Amino acid sequence: MPSQEQMLGLAPEARTLVDNRVWFGQKLALWKSKVGFEIAAKQAAEILARCAHMTGCPAESDEGEGEPCLADCPDRELRMSSLVILNAARAFAPPVASKISGQLYTMPSREYFSAVVAELAACQAELETLRGTAVTMPPTPALKEKT
């Protein structure tokens with residue numbers, strides 16, 4: 001069972017080493033998810049603004065995100081669905097995710113690059129084998145015609 005210091009975050013935590021390319025990949029994925037959630041929230045807000053309401057509907061005002069629509073509102077179901085999308089985008093979007101394109105670039109090592117190229121060549125060979133187009137013998141030289 002963890003001690004009280006560990007639960008309060010006062011005890012030092014063990015460090016885990018992560019390669020730079022993995023770290024930058026995770027930061028890029030986080031930034032992409034933030035942009036995606038921002039787009040979803042923007043589109044859901046636009047849908048909310050276009051929803052039609054009955055006269056006297058409490059959800060008709062801009063501040064009425066928490067107010068329910070009347071049962072007879074024509075876009076009641078559309079409004080509820082867009083509210084679900086909007087609230088999910090707000091809840092699950094990361095609070096901070098900076099774009100990494102402006103950060104320093106680190107070249108991959110020769111070993112890593114060679115391993116990626118070798119894996120790509122192996123995948124291409126396997127794909128050719130699966131497709132049945134692998135060349136197992138060198139082509140025979142063309143016969144010269146006697147003239």
# chains A, B, ... in the order shown; residues from 1 in each chain; ligands from 1
call {"tool": "closest_atom_pairs", "arguments": {"of": "range 65-91 of chain A", "to": "range 31-36 of chain A", "cutoff": "12 Å", "atoms": "only C-alpha atoms", "output": "Markdown table"}}
result
| residue | atom | partner | partner_atom | distance |
| --- | --- | --- | --- | --- |
| A:Ala88 | CA | A:Gly36 | CA | 11.9 |
| A:Ala89 | CA | A:Gly36 | CA | 8.7 |
| A:Arg90 | CA | A:Lys34 | CA | 9.9 |
| A:Ala91 | CA | A:Lys34 | CA | 11.2 |
call {"tool": "closest_residue", "arguments": {"among": "A:Ala44, A:Ala97, A:Cys69, A:Val84", "to": "Gly56 in chain A", "atoms": "only C-alpha atoms"}}
result
A:Cys69
call {"tool": "atom_distance", "arguments": {"atom1": "CA of Arg15 in chain A", "atom2": "CA of Val116 in chain A"}}
result
27.8 Å
call {"tool": "residues_around", "arguments": {"residues": "Glu60 in chain A", "least_positions_apart": "2", "cutoff": "12 Å", "atoms": "only C-alpha atoms", "output": "mmCIF file with C-alpha atoms, in the first residue's frame"}}
result
data_model
loop_
_atom_site.group_PDB
_atom_site.id
_atom_site.type_symbol
_atom_site.label_atom_id
_atom_site.label_comp_id
_atom_site.auth_asym_id
_atom_site.auth_seq_id
_atom_site.Cartn_x
_atom_site.Cartn_y
_atom_site.Cartn_z
ATOM 1 C CA LEU A 48 -26.224 24.647 -31.488
ATOM 2 C CA ALA A 49 -26.469 28.181 -32.850
ATOM 3 C CA ARG A 50 -28.521 26.999 -35.852
ATOM 4 C CA CYS A 51 -31.028 24.898 -33.890
ATOM 5 C CA ALA A 52 -34.640 26.012 -34.213
ATOM 6 C CA HIS A 53 -36.697 26.496 -31.040
ATOM 7 C CA MET A 54 -40.322 27.001 -30.153
ATOM 8 C CA THR A 55 -41.404 30.390 -28.882
ATOM 9 C CA GLY A 56 -40.580 30.664 -25.192
ATOM 10 C CA CYS A 57 -38.042 27.847 -25.164
ATOM 11 C CA PRO A 58 -35.562 28.402 -22.295
ATOM 12 C CA ASP A 62 -26.993 31.871 -26.025
ATOM 13 C CA GLU A 63 -26.414 31.186 -22.316
ATOM 14 C CA GLY A 64 -28.913 28.322 -22.391
ATOM 15 C CA GLU A 65 -26.545 25.392 -22.839
ATOM 16 C CA GLY A 66 -27.696 23.978 -19.544
ATOM 17 C CA GLU A 67 -31.374 24.603 -20.166
ATOM 18 C CA PRO A 68 -33.501 21.834 -21.707
ATOM 19 C CA CYS A 69 -35.508 22.396 -24.864
ATOM 20 C CA LEU A 70 -39.271 22.195 -24.851
ATOM 21 C CA CYS A 73 -38.854 22.043 -30.337
ATOM 22 C CA ASP A 75 -34.338 20.455 -33.390
ATOM 23 C CA ARG A 76 -34.459 19.077 -29.845
ATOM 24 C CA ARG A 79 -29.423 20.010 -30.021
#
call {"tool": "closest_residue", "arguments": {"among": "A:Ala93, A:Gly132, A:Glu111, A:Glu119", "to": "Leu30 in chain A", "atoms": "only C-alpha atoms"}}
result
A:Ala93
call {"tool": "select_by_dssp", "arguments": {"residues": "chain A", "states": "alpha helix (DSSP H)", "output": "VMD selection string"}}
result
chain A and resid 4 to 8 20 to 50 76 to 92 110 to 131
